[in-house]
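Asker: Please find one structure pasted underneath; my questions will follow.
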Amino acid sequence: MEDINLHFTGDFHAITSAHNLLSALIDNHIYWGNTLGIDSRRVAWRRVLDMNDRALREIVCSLGGVANGYPREAGFDITVASEVMAIFCLAKDLDDLKERLGNIIVAYTRDRKPIRAKDIKAHGAMTRAAQGSDCAEFWCRRWKARRPSSTAAPSPISRMAATRWSPPPPRSSSPITW
């Protein structure tokens, strides 16, 4: 389990930042002209937090007048249940991560045509934000090196589930050792 520790390495934060970056880009696209014709009632992309707060599951955002955007219903999910986290676990390398992030459907037009993250050019910045995590490079390098060429790579999560956990060694009698 020393290989990955999402909370203490800041990786949850990196994934949360990548996810919420897309949320901000969607809101800014709608506010600054909406050239793709996104229907603000059909934005499918929700924000995430590393916290489970029932009061934030359904919200109304962009209240406060014209300067704050167009009011719409939105909500928060938890980071570990986000689509970015799932893509992060399935990606084979950084190029695959970028491609998968670009294919995320974030909203629909009034004609119900899907709008993807790559349509608003968010996938590169999201990849860079996720790459800032300690685990992104680690997992991409590790699975690329260990992956047999004839089969698909297992995800880091399935690999972790298959690994037996062993308790840490017992502590010494003195509280601090140098």
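Every chain in the structure tokens has a letter given in the order shown (A, B, ...), and although residue numbers restart at 1 in each chain, ligands are simply numbered from 1 in the order shown.
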If you count only C-alpha atoms, which residues fall within 8 Å of A:Arg72, apart from same-chain ones fewer than 5 positions away, as a list in words?
Answerer: Ser40, Arg41, Val60, Cys61 and Ser62 of chain A
Asker: So that I can check the surroundings of A:Asn20, please list as a list in words every protein, DNA and RNA residue that reaches within 8 Å of it, counting only C-alpha atoms and ignoring chain neighbours fewer than 4 positions away.
Answerer: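 In the requested form, the answer reads Thr16, Ala24, Arg47 and Val48 of chain A.
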Asker: Which value, in Å to one decimal, gives the distance between atom CA of A:Ala129 and atom CA of A:Ile26?
Answerer: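 Separation between atom CA of A:Ala129 and atom CA of A:Ile26: 16.5 Å.
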Asker: Let me make sure I understand: among A:Leu101, A:Ile59, A:Ile115, A:Ala107, which one has the smallest atom-to-atom distance to A:Ser82 if we use only C-alpha atoms?
Answerer: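 For A:Ser82, the nearest of the given residues is A:Leu101.
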Asker: With distances taken over only C-alpha atoms, which of A:Ala44, A:Met51, A:Val106, A:Leu22 is nearest to A:Ile78?
Answerer: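 That would be A:Met51, the residue with the smallest distance to A:Ile78.
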Asker: Write out as a list in words all residues of stretch 9-57 of chain A that backbone DSSP assigns to alpha helix (DSSP H).
Answerer: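 Alpha helix (DSSP H) members of stretch 9-57 of chain A, listed: Asp11, Phe12, His13, Ala14, Ile15, Thr16, Ser17, Ala18, His19, Asn20, Leu21, Leu22, Ser23, Ala24, Leu25, Ile26, Asp27, Asn28, His29, Ile30 and Tyr31 of chain A.
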Asker: Can you pull out every residue within 12 Å of A:Asn103, counting only C-alpha atoms, but drop anything in the same chain fewer than 2 positions away, and send it as a PyMOL selection string?
Answerer: chain A and resi 83-84+87+96-101+105-107+114-124
Asker: Using N, CA, C and O atoms, can you export the residues from the last selection as an mmCIF file, in the first residue's frame?
Answerer:
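Once written, again07.cif looks like this:
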```
data_model
loop_
_atom_site.group_PDB
_atom_site.id
_atom_site.type_symbol
_atom_site.label_atom_id
_atom_site.label_comp_id
_atom_site.auth_asym_id
_atom_site.auth_seq_id
_atom_site.Cartn_x
_atom_site.Cartn_y
_atom_site.Cartn_z
ATOM 1 N N GLU A 83 -16.114 11.091 -12.663
ATOM 2 C CA GLU A 83 -15.705 10.498 -13.932
ATOM 3 C C GLU A 83 -14.212 10.681 -14.174
ATOM 4 O O GLU A 83 -13.550 9.814 -14.746
ATOM 5 N N VAL A 84 -13.667 11.801 -13.718
ATOM 6 C CA VAL A 84 -12.227 12.033 -13.880
ATOM 7 C C VAL A 84 -11.441 10.987 -13.096
ATOM 8 O O VAL A 84 -10.426 10.478 -13.578
ATOM 9 N N ILE A 87 -11.578 7.748 -15.086
ATOM 10 C CA ILE A 87 -10.706 7.841 -16.257
ATOM 11 C C ILE A 87 -9.247 7.750 -15.832
ATOM 12 O O ILE A 87 -8.439 7.091 -16.479
ATOM 13 N N ASP A 96 -3.378 8.673 -23.462
ATOM 14 C CA ASP A 96 -4.680 8.012 -23.311
ATOM 15 C C ASP A 96 -5.546 8.795 -22.319
ATOM 16 O O ASP A 96 -6.750 8.954 -22.533
ATOM 17 N N LEU A 97 -4.940 9.287 -21.246
ATOM 18 C CA LEU A 97 -5.663 10.100 -20.268
ATOM 19 C C LEU A 97 -6.250 11.333 -20.942
ATOM 20 O O LEU A 97 -7.430 11.655 -20.777
ATOM 21 N N LYS A 98 -5.450 12.019 -21.743
ATOM 22 C CA LYS A 98 -5.904 13.231 -22.435
ATOM 23 C C LYS A 98 -7.049 12.910 -23.401
ATOM 24 O O LYS A 98 -8.037 13.640 -23.470
ATOM 25 N N GLU A 99 -6.917 11.816 -24.140
ATOM 26 C CA GLU A 99 -7.964 11.436 -25.090
ATOM 27 C C GLU A 99 -9.269 11.103 -24.369
ATOM 28 O O GLU A 99 -10.351 11.544 -24.778
ATOM 29 N N ARG A 100 -9.162 10.337 -23.301
ATOM 30 C CA ARG A 100 -10.368 9.960 -22.545
ATOM 31 C C ARG A 100 -11.028 11.182 -21.909
ATOM 32 O O ARG A 100 -12.256 11.289 -21.892
ATOM 33 N N LEU A 101 -10.224 12.099 -21.370
ATOM 34 C CA LEU A 101 -10.789 13.317 -20.786
ATOM 35 C C LEU A 101 -11.484 14.155 -21.852
ATOM 36 O O LEU A 101 -12.517 14.771 -21.593
ATOM 37 N N ILE A 105 -18.681 13.750 -22.176
ATOM 38 C CA ILE A 105 -19.832 14.574 -22.565
ATOM 39 C C ILE A 105 -20.187 15.444 -21.366
ATOM 40 O O ILE A 105 -20.476 14.943 -20.284
ATOM 41 N N VAL A 106 -20.141 16.764 -21.580
ATOM 42 C CA VAL A 106 -20.360 17.700 -20.469
ATOM 43 C C VAL A 106 -21.704 18.392 -20.523
ATOM 44 O O VAL A 106 -22.223 18.840 -19.498
ATOM 45 N N ALA A 107 -22.291 18.506 -21.715
ATOM 46 C CA ALA A 107 -23.567 19.211 -21.857
ATOM 47 C C ALA A 107 -24.182 18.841 -23.199
ATOM 48 O O ALA A 107 -23.591 18.081 -23.978
ATOM 49 N N PRO A 114 -24.519 16.339 -28.289
ATOM 50 C CA PRO A 114 -23.588 16.327 -27.147
ATOM 51 C C PRO A 114 -22.415 17.286 -27.348
ATOM 52 O O PRO A 114 -21.892 17.431 -28.455
ATOM 53 N N ILE A 115 -22.023 17.923 -26.268
ATOM 54 C CA ILE A 115 -20.832 18.776 -26.236
ATOM 55 C C ILE A 115 -19.807 18.052 -25.371
ATOM 56 O O ILE A 115 -20.097 17.663 -24.241
ATOM 57 N N ARG A 116 -18.622 17.868 -25.897
ATOM 58 C CA ARG A 116 -17.563 17.143 -25.181
ATOM 59 C C ARG A 116 -16.529 18.118 -24.629
ATOM 60 O O ARG A 116 -16.455 19.268 -25.075
ATOM 61 N N ALA A 117 -15.721 17.635 -23.714
ATOM 62 C CA ALA A 117 -14.674 18.470 -23.111
ATOM 63 C C ALA A 117 -13.707 18.989 -24.165
ATOM 64 O O ALA A 117 -13.234 20.124 -24.074
ATOM 65 N N LYS A 118 -13.428 18.180 -25.182
ATOM 66 C CA LYS A 118 -12.503 18.635 -26.232
ATOM 67 C C LYS A 118 -13.110 19.747 -27.079
ATOM 68 O O LYS A 118 -12.376 20.523 -27.679
ATOM 69 N N ASP A 119 -14.442 19.853 -27.118
ATOM 70 C CA ASP A 119 -15.093 20.923 -27.877
ATOM 71 C C ASP A 119 -14.828 22.294 -27.258
ATOM 72 O O ASP A 119 -14.790 23.287 -27.972
ATOM 73 N N ILE A 120 -14.668 22.323 -25.938
ATOM 74 C CA ILE A 120 -14.331 23.599 -25.291
ATOM 75 C C ILE A 120 -12.838 23.659 -24.942
ATOM 76 O O ILE A 120 -12.405 24.513 -24.187
ATOM 77 N N LYS A 121 -12.094 22.721 -25.510
ATOM 78 C CA LYS A 121 -10.632 22.674 -25.387
ATOM 79 C C LYS A 121 -10.173 22.617 -23.924
ATOM 80 O O LYS A 121 -9.237 23.308 -23.526
ATOM 81 N N ALA A 122 -10.812 21.740 -23.162
ATOM 82 C CA ALA A 122 -10.489 21.610 -21.749
ATOM 83 C C ALA A 122 -9.585 20.415 -21.457
ATOM 84 O O ALA A 122 -8.954 20.367 -20.405
ATOM 85 N N HIS A 123 -9.504 19.462 -22.365
ATOM 86 C CA HIS A 123 -8.830 18.198 -22.071
ATOM 87 C C HIS A 123 -7.330 18.350 -21.821
ATOM 88 O O HIS A 123 -6.774 17.642 -20.983
ATOM 89 N N GLY A 124 -6.662 19.263 -22.493
ATOM 90 C CA GLY A 124 -5.230 19.464 -22.261
ATOM 91 C C GLY A 124 -4.945 20.025 -20.879
ATOM 92 O O GLY A 124 -4.061 19.544 -20.167
#
```
Asker: Mind checking DSSP for stretch 88-119 of chain A and telling me the strand (DSSP E) residues as a PyMOL selection string?
Answerer: chain A and resi 105-109+114-116
Asker: Kindly give the distance, in Å, that separates atom CA of A:Lys92 and atom CA of A:Thr79, rounded to a single decimal.
Answerer: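 Interatomic distance, atom CA of A:Lys92 to atom CA of A:Thr79: 20.5 Å.
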Asker: For atom CA of A:Thr127 and atom CA of A:His13, determine how far apart the two atoms are, in Å to one decimal place.
Answerer: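 That distance, rounded to one decimal, is 13.6 Å.
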Asker: Which of these, A:Leu36, A:Met126, A:Leu49, A:Ile30, has the shortest distance to A:Ala81 once you count only C-alpha atoms?
Answerer: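 For A:Ala81, the nearest of the given residues is A:Leu49.
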Asker: Name the closest residue to A:Asp95 among the candidates A:Gln131, A:Gly64, A:Val80, A:Glu73; distances are taken between atoms, counting only C-alpha atoms.
Answerer: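 Closest to A:Asp95 of all the choices is A:Gln131.
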